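Let me begin by presenting the structure, written as structure tokens, before commenting on it.
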Amino acid sequence: MAIFVDENTKVLVQGLTGGQGKYHGLRNRDYGTQVVGGVTPGKGGQDVEGIPIFNSVAEAVAVTGANASFAAVPPKFASGAIMEAAEAGIGFVVCITEGIPAQDEAKVFNRLVRDFPGTRLLGPNCPGIISPGKCNIGITAGEIAQNPTGSGPNVGIVSRSGTLTYQALYELKQRGIGVSTCVGIGGDPVPGTNFIDCLSEFQNDPETHAIMMLGEIGGSAEEEAADYISANVTKPMSAYIAGVTAPAGKKMGHAGAIVSGNKGTAQGKMAALAAAGVKVGLNPTEAGELMAEIVATF
Amino acid sequence: MDLFEYQGKQYFARYDIPVSPGGPADTVDEAVKEAASAGYPVVVKAQVQVGGRGKAGGIKLADNEAEVREHAGNILGMDIKGHVVRRLWVEAASDIDEEYYVSFTLDRSEKKHLMMLSREGGVEIEVVAEENPDAIVKLHIDPVGGLSEAIARQACIDAKLPDRAIGGATDILVKLYRCYDEGDCDLAEINPLILKPTGEVHALDAKVTLDGNAEFRHPEWDAFRGLTEMDDREKMAAERDLQYIGLDGTVGIIANGAGLAMSTLDVVNQVGGSAANFLDIGGGANADVMAGALEVINFDENVKSIFINIFGGITRGEEVAKGIVEAMGRVDLKAPIVIRLDGTNAEEGRQILVDAGIPEDKLRSEPTMLEAARAAVALAS
């Protein structure tokens, strides 16, 4: 078991003929992911190192039976690519694109909720998802992820920050702790998948025994996750929040300050998680150590 | 990108939102010229990105040229909460019957846009929210459906605006939403939105934050460039498209990803050091980006050591290493580098650094983030 993706996931890469798409798409395939096709309008019929290219997602799905897509396209085209995947019936879309306008993101999210409830978007501006040993979609270096063991204990990771996701994987690998699935939800204002979506899946996944969460300052997603954890998550957790000493980031003016109230500081987020029973580390290494202590109790 | 009031008003004008006639002025003579074309009486307003300008004496009414000269002379160069006034906005004074508040921003929790409208404008909206929360009408707007005139009108009624203001206010709400949406704002705020004795409704202030990610579809934003409040280091970084925030410490920071960059600051702080900056070189950083980042850090005289913290995903280790080697050839770095390199192609990257034969007192590698932070802090103190 794993969450969202596993050995049966068949992946299309939207933008496989582009620089990033090719580099990471082929790395994903080398990892063992079933990369069954690529989509680039106008390049249908070609192939990238044996992976067939199609003109549209719908065509690619019809031929390959793909059920997931990896959108590696520039910001201008990202909204269109995500919606095309949803319209073709893809159930899981990973979008790594950084720099999508917030207005576009908000529209895509609400359009998916309204018209394509069967499609889950991960990202944008995220590193992707890896179920070690089974499937890797996105830009995570597969070799830093420790495979889960049949009997466990295995850890599920959910992170808002790309590089901290790798850091978390790395911390667990150093300690020989297996990972069921590691999800990078991305740090953009309107992520398609949030902490709570992942916590809920991990709670229900029998292969996941403990959960590690990495958040950062801004917004109130971590506080909302803490409320959810109090009420619904029984598996032990460790966490780290980046930005204790960070300068105030983007000023959102008075209106922004009201939306988030006193939420959004690293201290507030750490306190909320600690109150929900999560062991909170002051840096990623400490969060890894805390997880090692948790795992040792199984 | 935060706009100054006058830029925000120019942006509003593109969307037909009524603002007072006026113009920007960098000198007393220019202020006099703008006052004459706007028509007396005028208001002379300091252009700084900080609240409380009025209380600080940065907003003055002038009935004639002599008064414009006096006020413009006093306000230019004034320090308002650490912001030095370099530019004025001179506009025709307005008669005010009532003052309202309206803003649009994204509510991240709801994943919808949020409009806030209040009859109690002209004061800090946080104070209204605290003391009289019922005076603020909050309305969530589906980004797909947008804001219709009927819903905007109902919000004006719910906010208990007087009947004679409802037509004008509804019109501005719809236009301001269009400006926020099509104009790619993170924030569009009017405080105060005024009702004149004549019944017209009008934007007396403008607070606009543009979403930098949407720059590719807004060539008109070029006019706003180069005028934002940045220190020399930040200007240099902006020219190189780097995400940089200047700080006061002695350890220069370069990391990939905002989360890791923040975490790097945290760790440096925990081991007793202080960061000179926040610098995220982002995903896909290549040799040029790394060289540019080192140039910016090198420009900062407070920097005593440089901590490069890279975990490769999109950013590949060998690219980072090539960038460092190239930059060290291009720039005479004043401070030693401590690097921690992991992730995609990290081994190749470390090998490139070893092969380059850079002496240990200029560049050293550490295996973990904590050890690298300790080494960098030790070098800086």
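Naming works like this for the structure tokens: A, B, ... for the chains as they're shown, residue 1 at the start of each chain, ligands 1 onward in shown order.
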Q. Can you list, as a PyMOL selection string, every protein, DNA or RNA residue that comes within 8 Å of Ala293 (chain B) when you count only C-alpha atoms, leaving out same-chain residues fewer than 6 positions away?
A. chain B and resi 237+240+242+254+279+281
Next, write the just-selected residues to a file, as an mmCIF file, in the first residue's frame, keeping N, CA and C atoms as the atom set.
```cif
data_model
loop_
_atom_site.group_PDB
_atom_site.id
_atom_site.type_symbol
_atom_site.label_atom_id
_atom_site.label_comp_id
_atom_site.auth_asym_id
_atom_site.auth_seq_id
_atom_site.Cartn_x
_atom_site.Cartn_y
_atom_site.Cartn_z
ATOM 1 N N ALA B 237 20.085 42.227 -6.835
ATOM 2 C CA ALA B 237 19.495 40.892 -6.918
ATOM 3 C C ALA B 237 18.311 40.883 -7.885
ATOM 4 N N ARG B 240 19.110 40.505 -11.358
ATOM 5 C CA ARG B 240 19.503 39.129 -11.705
ATOM 6 C C ARG B 240 18.358 38.141 -11.492
ATOM 7 N N LEU B 242 16.762 37.295 -8.822
ATOM 8 C CA LEU B 242 16.940 36.429 -7.663
ATOM 9 C C LEU B 242 15.960 36.821 -6.562
ATOM 10 N N ILE B 254 22.961 31.245 0.502
ATOM 11 C CA ILE B 254 22.418 30.894 -0.807
ATOM 12 C C ILE B 254 21.810 29.504 -0.668
ATOM 13 N N LEU B 279 18.326 34.260 0.359
ATOM 14 C CA LEU B 279 18.462 34.213 -1.098
ATOM 15 C C LEU B 279 18.081 32.815 -1.595
ATOM 16 N N ILE B 281 17.731 30.626 -4.833
ATOM 17 C CA ILE B 281 18.081 30.600 -6.257
ATOM 18 C C ILE B 281 17.082 29.773 -7.053
#
```
Using only C-alpha atoms, what does the table of region 40-78 of chain A residues within 8 Å of region 13-24 of chain A look like, with each row giving the shortest atom pair and its distance in Å to one decimal, sorted by chain and ascending number, as a tab-separated table?
```
residue	atom	partner	partner_atom	distance
A:Thr40	CA	A:Gly15	CA	5.6
A:Val48	CA	A:Thr17	CA	6.9
A:Ile53	CA	A:Leu16	CA	7.9
A:Val57	CA	A:Gln14	CA	7.9
A:Ser69	CA	A:Val13	CA	5.7
A:Phe70	CA	A:Val13	CA	4.7
A:Ala71	CA	A:Gln14	CA	4.7
A:Ala72	CA	A:Gly21	CA	5.1
A:Val73	CA	A:Gly15	CA	5.5
```
Q: Compare A:Val233, A:Ala141, A:Gly65, A:Met291 by their minimum atom-to-atom distance to Gly277 (chain A), counting only C-alpha atoms, and give me the closest one.
A: A:Val233
Q: Step one, run DSSP on the backbone; step two, keep only residues of region 50-138 of chain B assigned to strand (DSSP E or B); then write them as an MDAnalysis selection string.
A: chainID B and resid 59:62 79:80 83:84 88:92 98:107 112:118 136:138
Restricted to N, CA and C atoms, what would the selected residues look like written as a compact mmCIF listing (two decimals), in the first residue's frame?
```txt
# COMPACT_ATOMS: atom_id res chain seq x y z
N ILE B 59 0.80 64.32 4.57
CA ILE B 59 -0.33 64.66 3.70
C ILE B 59 -0.83 66.05 4.09
N LYS B 60 -0.77 67.01 3.16
CA LYS B 60 -1.15 68.39 3.48
C LYS B 60 -2.03 69.00 2.40
N LEU B 61 -2.98 69.80 2.85
CA LEU B 61 -3.86 70.52 1.95
C LEU B 61 -3.22 71.86 1.59
N ALA B 62 -3.30 72.26 0.31
CA ALA B 62 -2.72 73.54 -0.11
C ALA B 62 -3.73 74.30 -0.96
N ASP B 79 11.44 61.78 6.72
CA ASP B 79 11.57 60.36 7.07
C ASP B 79 10.30 59.92 7.78
N ILE B 80 9.56 59.02 7.14
CA ILE B 80 8.34 58.51 7.76
C ILE B 80 8.55 57.04 8.11
N HIS B 83 11.12 55.42 6.14
CA HIS B 83 11.00 55.54 4.69
C HIS B 83 11.20 57.02 4.30
N VAL B 84 12.22 57.27 3.48
CA VAL B 84 12.48 58.65 3.08
C VAL B 84 11.61 59.00 1.87
N LEU B 88 6.29 62.87 -4.54
CA LEU B 88 4.98 63.32 -4.04
C LEU B 88 3.92 62.98 -5.07
N TRP B 89 2.70 62.93 -4.61
CA TRP B 89 1.56 62.87 -5.50
C TRP B 89 0.73 64.09 -5.17
N VAL B 90 0.45 64.91 -6.19
CA VAL B 90 -0.33 66.13 -5.98
C VAL B 90 -1.64 65.97 -6.72
N GLU B 91 -2.74 66.04 -5.98
CA GLU B 91 -4.03 65.84 -6.65
C GLU B 91 -5.05 66.85 -6.17
N ALA B 92 -6.09 67.05 -6.98
CA ALA B 92 -7.17 67.96 -6.63
C ALA B 92 -7.82 67.48 -5.34
N GLU B 98 -18.70 61.02 3.21
CA GLU B 98 -18.51 59.79 3.98
C GLU B 98 -17.30 59.05 3.45
N GLU B 99 -16.73 58.18 4.30
CA GLU B 99 -15.56 57.40 3.92
C GLU B 99 -15.83 55.91 4.13
N TYR B 100 -15.57 55.11 3.10
CA TYR B 100 -15.78 53.67 3.16
C TYR B 100 -14.47 52.93 2.95
N TYR B 101 -14.55 51.60 3.04
CA TYR B 101 -13.38 50.74 2.83
C TYR B 101 -13.78 49.59 1.92
N VAL B 102 -12.94 49.27 0.94
CA VAL B 102 -13.17 48.05 0.16
C VAL B 102 -11.84 47.42 -0.23
N SER B 103 -11.79 46.10 -0.21
CA SER B 103 -10.58 45.41 -0.68
C SER B 103 -10.94 44.04 -1.24
N PHE B 104 -10.07 43.58 -2.13
CA PHE B 104 -10.14 42.20 -2.64
C PHE B 104 -8.79 41.54 -2.40
N THR B 105 -8.84 40.33 -1.88
CA THR B 105 -7.62 39.56 -1.73
C THR B 105 -7.99 38.08 -1.76
N LEU B 106 -6.99 37.22 -1.79
CA LEU B 106 -7.27 35.78 -1.81
C LEU B 106 -7.38 35.27 -0.39
N ASP B 107 -8.44 34.52 -0.10
CA ASP B 107 -8.55 33.83 1.18
C ASP B 107 -8.00 32.42 0.97
N LYS B 112 -10.90 30.90 -2.22
CA LYS B 112 -11.74 31.80 -3.00
C LYS B 112 -11.28 33.23 -2.72
N HIS B 113 -11.74 34.16 -3.56
CA HIS B 113 -11.41 35.55 -3.30
C HIS B 113 -12.30 36.07 -2.20
N LEU B 114 -11.78 37.05 -1.47
CA LEU B 114 -12.54 37.64 -0.38
C LEU B 114 -12.67 39.14 -0.61
N MET B 115 -13.92 39.60 -0.63
CA MET B 115 -14.15 41.04 -0.67
C MET B 115 -14.51 41.50 0.73
N MET B 116 -13.90 42.57 1.17
CA MET B 116 -14.31 43.18 2.44
C MET B 116 -14.77 44.60 2.13
N LEU B 117 -15.96 44.91 2.64
CA LEU B 117 -16.55 46.22 2.39
C LEU B 117 -17.05 46.76 3.73
N SER B 118 -16.72 48.03 4.00
CA SER B 118 -17.18 48.58 5.28
C SER B 118 -17.61 50.03 5.11
N ILE B 136 -17.99 45.18 9.01
CA ILE B 136 -17.31 44.73 7.80
C ILE B 136 -18.13 43.61 7.15
N VAL B 137 -18.52 43.84 5.90
CA VAL B 137 -19.20 42.79 5.14
C VAL B 137 -18.13 41.98 4.43
N LYS B 138 -18.12 40.66 4.69
CA LYS B 138 -17.14 39.79 4.03
C LYS B 138 -17.88 38.91 3.04
```
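Distances to Thr97 (chain A) were evaluated for A:Gly264, A:Gly37, A:Pro236, A:Pro75 using only C-alpha atoms, and the minimum falls at A:Pro75.
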Q: Fewer than 3 positions away in the same chain doesn't count, so skip those; otherwise give me all residues within 10 Å of Val50 (chain B), counting only C-alpha atoms, as JSON, numbers by chain.
A: {"A": [253], "B": [4, 47, 53, 80, 81, 82, 83]}
Could you save the residues just selected, with C-alpha atoms, as a PDB file, in the first residue's frame?
```pdb
ATOM      1  CA  GLY A 253      -1.308  44.753   3.320  1.00  0.00           C
TER       2      GLY A 253
ATOM      3  CA  PHE B   4       3.022  53.333  -4.470  1.00  0.00           C
ATOM      4  CA  GLN B  47       4.677  58.540  -1.604  1.00  0.00           C
ATOM      5  CA  ARG B  53       1.496  59.148   6.515  1.00  0.00           C
ATOM      6  CA  ILE B  80       8.335  58.507   7.758  1.00  0.00           C
ATOM      7  CA  LYS B  81       8.947  55.436   9.897  1.00  0.00           C
ATOM      8  CA  GLY B  82      12.288  54.839   8.192  1.00  0.00           C
ATOM      9  CA  HIS B  83      11.001  55.543   4.687  1.00  0.00           C
TER      10      HIS B  83
END
```
Q: Would you list the contacts of region 129-138 of chain A as a ChimeraX atom specification, taking every protein, DNA or RNA residue within 8 Å and counting only C-alpha atoms, but skipping same-chain residues closer than 2 positions in sequence?
A: /A:2-3,5-7,9,11,24-25,28,31-34,70,94,96,127,140,142,145-148,179-184
Writing out the chosen residues with N, CA and C atoms as a compact mmCIF listing (two decimals), in the first residue's frame:
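So the final result, stored in part_10.txt, reads:
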```
# COMPACT_ATOMS: atom_id res chain seq x y z
N ALA A 2 0.29 2.30 -0.40
CA ALA A 2 0.93 3.62 -0.44
C ALA A 2 -0.24 4.56 -0.68
N ILE A 3 -0.01 5.85 -0.67
CA ILE A 3 -1.14 6.73 -0.98
C ILE A 3 -0.97 7.38 -2.35
N VAL A 5 -0.28 7.11 -5.35
CA VAL A 5 0.37 6.43 -6.48
C VAL A 5 1.09 5.18 -6.00
N ASP A 6 1.12 4.15 -6.86
CA ASP A 6 1.84 2.92 -6.53
C ASP A 6 2.32 2.25 -7.81
N GLU A 7 2.64 0.94 -7.73
CA GLU A 7 3.23 0.26 -8.88
C GLU A 7 2.26 0.14 -10.05
N THR A 9 0.34 2.64 -11.11
CA THR A 9 0.09 3.96 -11.67
C THR A 9 0.77 4.08 -13.04
N VAL A 11 1.75 6.66 -15.97
CA VAL A 11 1.96 8.11 -16.01
C VAL A 11 2.21 8.63 -17.43
N HIS A 24 13.34 14.97 -16.17
CA HIS A 24 12.71 14.34 -15.01
C HIS A 24 11.82 13.16 -15.40
N GLY A 25 11.17 13.24 -16.57
CA GLY A 25 10.34 12.13 -17.03
C GLY A 25 11.18 10.86 -17.21
N ASN A 28 12.25 9.55 -13.88
CA ASN A 28 11.13 8.83 -13.25
C ASN A 28 11.02 7.42 -13.82
N TYR A 31 13.65 5.18 -12.58
CA TYR A 31 13.38 4.77 -11.20
C TYR A 31 12.49 3.53 -11.14
N GLY A 32 11.74 3.32 -12.24
CA GLY A 32 10.85 2.16 -12.26
C GLY A 32 9.39 2.55 -12.42
N THR A 33 9.13 3.84 -12.50
CA THR A 33 7.77 4.33 -12.71
C THR A 33 7.30 3.91 -14.10
N GLN A 34 6.02 3.53 -14.21
CA GLN A 34 5.46 3.22 -15.53
C GLN A 34 5.16 4.52 -16.27
N PHE A 70 1.94 13.97 -15.34
CA PHE A 70 3.02 14.79 -14.78
C PHE A 70 3.11 16.00 -15.71
N VAL A 94 0.07 15.76 -11.38
CA VAL A 94 1.16 16.38 -10.63
C VAL A 94 1.69 17.54 -11.47
N ILE A 96 4.51 20.48 -11.49
CA ILE A 96 5.70 21.00 -10.80
C ILE A 96 5.96 22.46 -11.15
N PRO A 127 7.38 19.47 -5.64
CA PRO A 127 8.38 18.53 -6.16
C PRO A 127 7.77 17.23 -6.67
N THR A 140 11.82 14.60 -7.49
CA THR A 140 12.56 14.03 -6.36
C THR A 140 13.63 13.06 -6.87
N GLY A 142 15.15 9.87 -6.67
CA GLY A 142 14.65 8.63 -6.09
C GLY A 142 15.62 7.96 -5.12
N ALA A 145 15.32 8.19 -1.26
CA ALA A 145 14.14 7.68 -0.55
C ALA A 145 14.34 6.22 -0.16
N GLN A 146 14.10 5.91 1.10
CA GLN A 146 14.25 4.55 1.61
C GLN A 146 12.98 3.75 1.34
N ASN A 147 13.12 2.55 0.74
CA ASN A 147 11.95 1.73 0.49
C ASN A 147 11.28 1.31 1.79
N PRO A 148 9.96 1.17 1.75
CA PRO A 148 9.25 0.71 2.95
C PRO A 148 9.48 -0.80 3.12
N VAL A 179 9.92 4.64 3.94
CA VAL A 179 8.90 5.64 3.65
C VAL A 179 7.81 5.00 2.79
N SER A 180 6.55 5.15 3.21
CA SER A 180 5.43 4.60 2.43
C SER A 180 5.20 5.48 1.20
N THR A 181 4.93 6.75 1.46
CA THR A 181 4.77 7.73 0.37
C THR A 181 5.25 9.08 0.89
N CYS A 182 5.87 9.85 0.01
CA CYS A 182 6.29 11.20 0.36
C CYS A 182 5.62 12.17 -0.62
N VAL A 183 4.79 13.06 -0.08
CA VAL A 183 4.03 13.97 -0.92
C VAL A 183 4.52 15.40 -0.71
N GLY A 184 4.92 16.07 -1.78
CA GLY A 184 5.26 17.49 -1.72
C GLY A 184 4.07 18.27 -2.23
```
Q. Would you list which chain B residues are within 8 Å of chain A using only C-alpha atoms, as a PyMOL selection string?
A. chain B and resi 103-109+111-112+116+124-126+129+142-144+181+184+186-187+189+207+209+211-214+245+247+256-260+262-263+265-267+269+278+311-314+343-344
Restricting the output to C-alpha atoms, write the selected residues as a PDB file, in the first residue's frame.
```pdb
ATOM      1  CA  SER B 103     -10.584  45.405  -0.675  1.00  0.00           C
ATOM      2  CA  PHE B 104     -10.137  42.200  -2.640  1.00  0.00           C
ATOM      3  CA  THR B 105      -7.615  39.556  -1.734  1.00  0.00           C
ATOM      4  CA  LEU B 106      -7.269  35.776  -1.814  1.00  0.00           C
ATOM      5  CA  ASP B 107      -8.548  33.831   1.183  1.00  0.00           C
ATOM      6  CA  ARG B 108      -6.105  30.922   1.131  1.00  0.00           C
ATOM      7  CA  SER B 109      -8.151  28.831   3.563  1.00  0.00           C
ATOM      8  CA  LYS B 111      -9.453  29.034  -1.823  1.00  0.00           C
ATOM      9  CA  LYS B 112     -11.744  31.797  -2.995  1.00  0.00           C
ATOM     10  CA  MET B 116     -14.307  43.182   2.436  1.00  0.00           C
ATOM     11  CA  GLU B 124      -7.170  51.272   9.927  1.00  0.00           C
ATOM     12  CA  ILE B 125      -9.347  48.350   8.963  1.00  0.00           C
ATOM     13  CA  GLU B 126      -7.681  46.174  11.625  1.00  0.00           C
ATOM     14  CA  ALA B 129     -12.228  44.445  12.634  1.00  0.00           C
ATOM     15  CA  ASP B 142     -15.745  32.074  -6.718  1.00  0.00           C
ATOM     16  CA  PRO B 143     -12.777  32.851  -8.993  1.00  0.00           C
ATOM     17  CA  VAL B 144     -14.497  31.022 -11.846  1.00  0.00           C
ATOM     18  CA  ASP B 181      -8.694  39.656 -11.421  1.00  0.00           C
ATOM     19  CA  ASP B 184      -3.413  40.114 -11.530  1.00  0.00           C
ATOM     20  CA  ASP B 186      -2.609  39.953  -4.890  1.00  0.00           C
ATOM     21  CA  LEU B 187      -4.316  42.851  -3.156  1.00  0.00           C
ATOM     22  CA  GLU B 189      -7.600  48.037  -1.599  1.00  0.00           C
ATOM     23  CA  LYS B 207      -3.095  50.113  -2.221  1.00  0.00           C
ATOM     24  CA  THR B 209       0.144  44.525  -4.692  1.00  0.00           C
ATOM     25  CA  ASP B 211       1.459  39.194  -8.481  1.00  0.00           C
ATOM     26  CA  GLY B 212       4.987  38.972  -9.872  1.00  0.00           C
ATOM     27  CA  ASN B 213       4.178  35.600 -11.443  1.00  0.00           C
ATOM     28  CA  ALA B 214       1.800  37.314 -13.882  1.00  0.00           C
ATOM     29  CA  ILE B 245      15.850  39.895   1.044  1.00  0.00           C
ATOM     30  CA  LEU B 247      19.225  41.297   6.477  1.00  0.00           C
ATOM     31  CA  ASN B 256      17.552  26.495  -3.402  1.00  0.00           C
ATOM     32  CA  GLY B 257      13.882  26.640  -2.532  1.00  0.00           C
ATOM     33  CA  ALA B 258      12.188  29.090  -0.178  1.00  0.00           C
ATOM     34  CA  GLY B 259      11.664  26.432   2.476  1.00  0.00           C
ATOM     35  CA  LEU B 260      15.291  25.346   2.563  1.00  0.00           C
ATOM     36  CA  MET B 262      14.254  29.766   5.504  1.00  0.00           C
ATOM     37  CA  SER B 263      15.445  26.624   7.205  1.00  0.00           C
ATOM     38  CA  LEU B 265      18.424  30.974   8.291  1.00  0.00           C
ATOM     39  CA  ASP B 266      16.885  29.081  11.206  1.00  0.00           C
ATOM     40  CA  VAL B 267      19.832  26.723  11.566  1.00  0.00           C
ATOM     41  CA  ASN B 269      20.505  31.322  14.043  1.00  0.00           C
ATOM     42  CA  PHE B 278      17.685  35.382   2.428  1.00  0.00           C
ATOM     43  CA  PHE B 311      19.573  19.989  -2.032  1.00  0.00           C
ATOM     44  CA  GLY B 312      19.213  18.977  -5.649  1.00  0.00           C
ATOM     45  CA  GLY B 313      15.877  18.277  -7.244  1.00  0.00           C
ATOM     46  CA  ILE B 314      15.455  20.337 -10.388  1.00  0.00           C
ATOM     47  CA  GLY B 343      20.409  15.343  -3.840  1.00  0.00           C
ATOM     48  CA  THR B 344      20.375  15.070  -7.633  1.00  0.00           C
TER      49      THR B 344
END
```
Q: For Ala35 (chain B), please output as a list in words all residues within 10 Å (counting only C-alpha atoms; exclusion window: fewer than 3 positions along the same chain).
A: Pro21, Gly22, Gly23, Ala25, Asp29, Glu30, Ala31, Val32, Ala38, Gly39, Tyr40, Pro41, Val42, Val43, Val44, Ala62, Asp63, Asn64, Glu65, Val68, Trp89, Val90, Glu91 and Ala92 of chain B
**Q.** Residue neighbourhood Gly42 (chain A), 10 Å, only C-alpha atoms, exclusion window fewer than 2 positions, as a PyMOL selection string
**A.** chain A and resi 39-40+44-46+53-56
May I have the residues from that selection written out with C-alpha atoms, as a CSV table (one decimal), in the first residue's frame?
```
chain,number,residue,atom,x,y,z
A,39,VAL,CA,2.0,14.7,-24.7
A,40,THR,CA,3.2,17.6,-26.8
A,44,GLY,CA,2.3,13.1,-31.9
A,45,GLY,CA,3.9,10.1,-33.5
A,46,GLN,CA,7.4,10.9,-32.3
A,53,ILE,CA,4.4,11.1,-27.9
A,54,PHE,CA,0.7,12.0,-28.4
A,55,ASN,CA,-0.9,15.2,-29.6
A,56,SER,CA,-3.4,15.3,-26.8
```
**Q.** Secondary structure check, helix (DSSP H, G or I) residues of region 159-291 of chain A, as a PyMOL selection string
**A.** chain A and resi 162-174+195-204+221-232+253-260+266-275+284-291
**Q.** Non-local contacts of Ala225 (chain A) (10 Å; only C-alpha atoms; under 6 positions in same chain excluded) as a VMD selection string
**A.** chain A and resid 194 to 199 213 231 233 269 272 to 273 276
Please, could you write that set of residues out with C-alpha atoms as a PDB file, in the first residue's frame?
```pdb
ATOM      1  CA  ASN A 194      -3.374  20.151   1.100  1.00  0.00           C
ATOM      2  CA  PHE A 195      -1.979  18.783   4.350  1.00  0.00           C
ATOM      3  CA  ILE A 196      -5.363  17.491   5.481  1.00  0.00           C
ATOM      4  CA  ASP A 197      -5.944  15.520   2.253  1.00  0.00           C
ATOM      5  CA  CYS A 198      -2.633  13.743   2.815  1.00  0.00           C
ATOM      6  CA  LEU A 199      -3.041  13.258   6.581  1.00  0.00           C
ATOM      7  CA  MET A 213       5.020  16.886   8.319  1.00  0.00           C
ATOM      8  CA  ALA A 231      -9.705  15.198  15.899  1.00  0.00           C
ATOM      9  CA  VAL A 233      -5.107  11.359  13.369  1.00  0.00           C
ATOM     10  CA  LYS A 269       2.216  26.890  13.910  1.00  0.00           C
ATOM     11  CA  ALA A 272      -0.652  24.475  17.366  1.00  0.00           C
ATOM     12  CA  LEU A 273       1.003  21.242  16.225  1.00  0.00           C
ATOM     13  CA  ALA A 276      -2.232  18.453  18.796  1.00  0.00           C
TER      14      ALA A 276
END
```
Q | Which of A:Ser238, A:Pro153, A:Val158, A:Gln174 sits closest to Met270 (chain A) [using only C-alpha atoms] | A |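 Using only C-alpha atoms, the shortest distance to Met270 (chain A) belongs to A:Ser238.
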Q | For Leu370 (chain B), the nearest of the candidates A:Glu286, A:Asn204, A:Val36, A:Leu122, counting only C-alpha atoms | A | A:Glu286
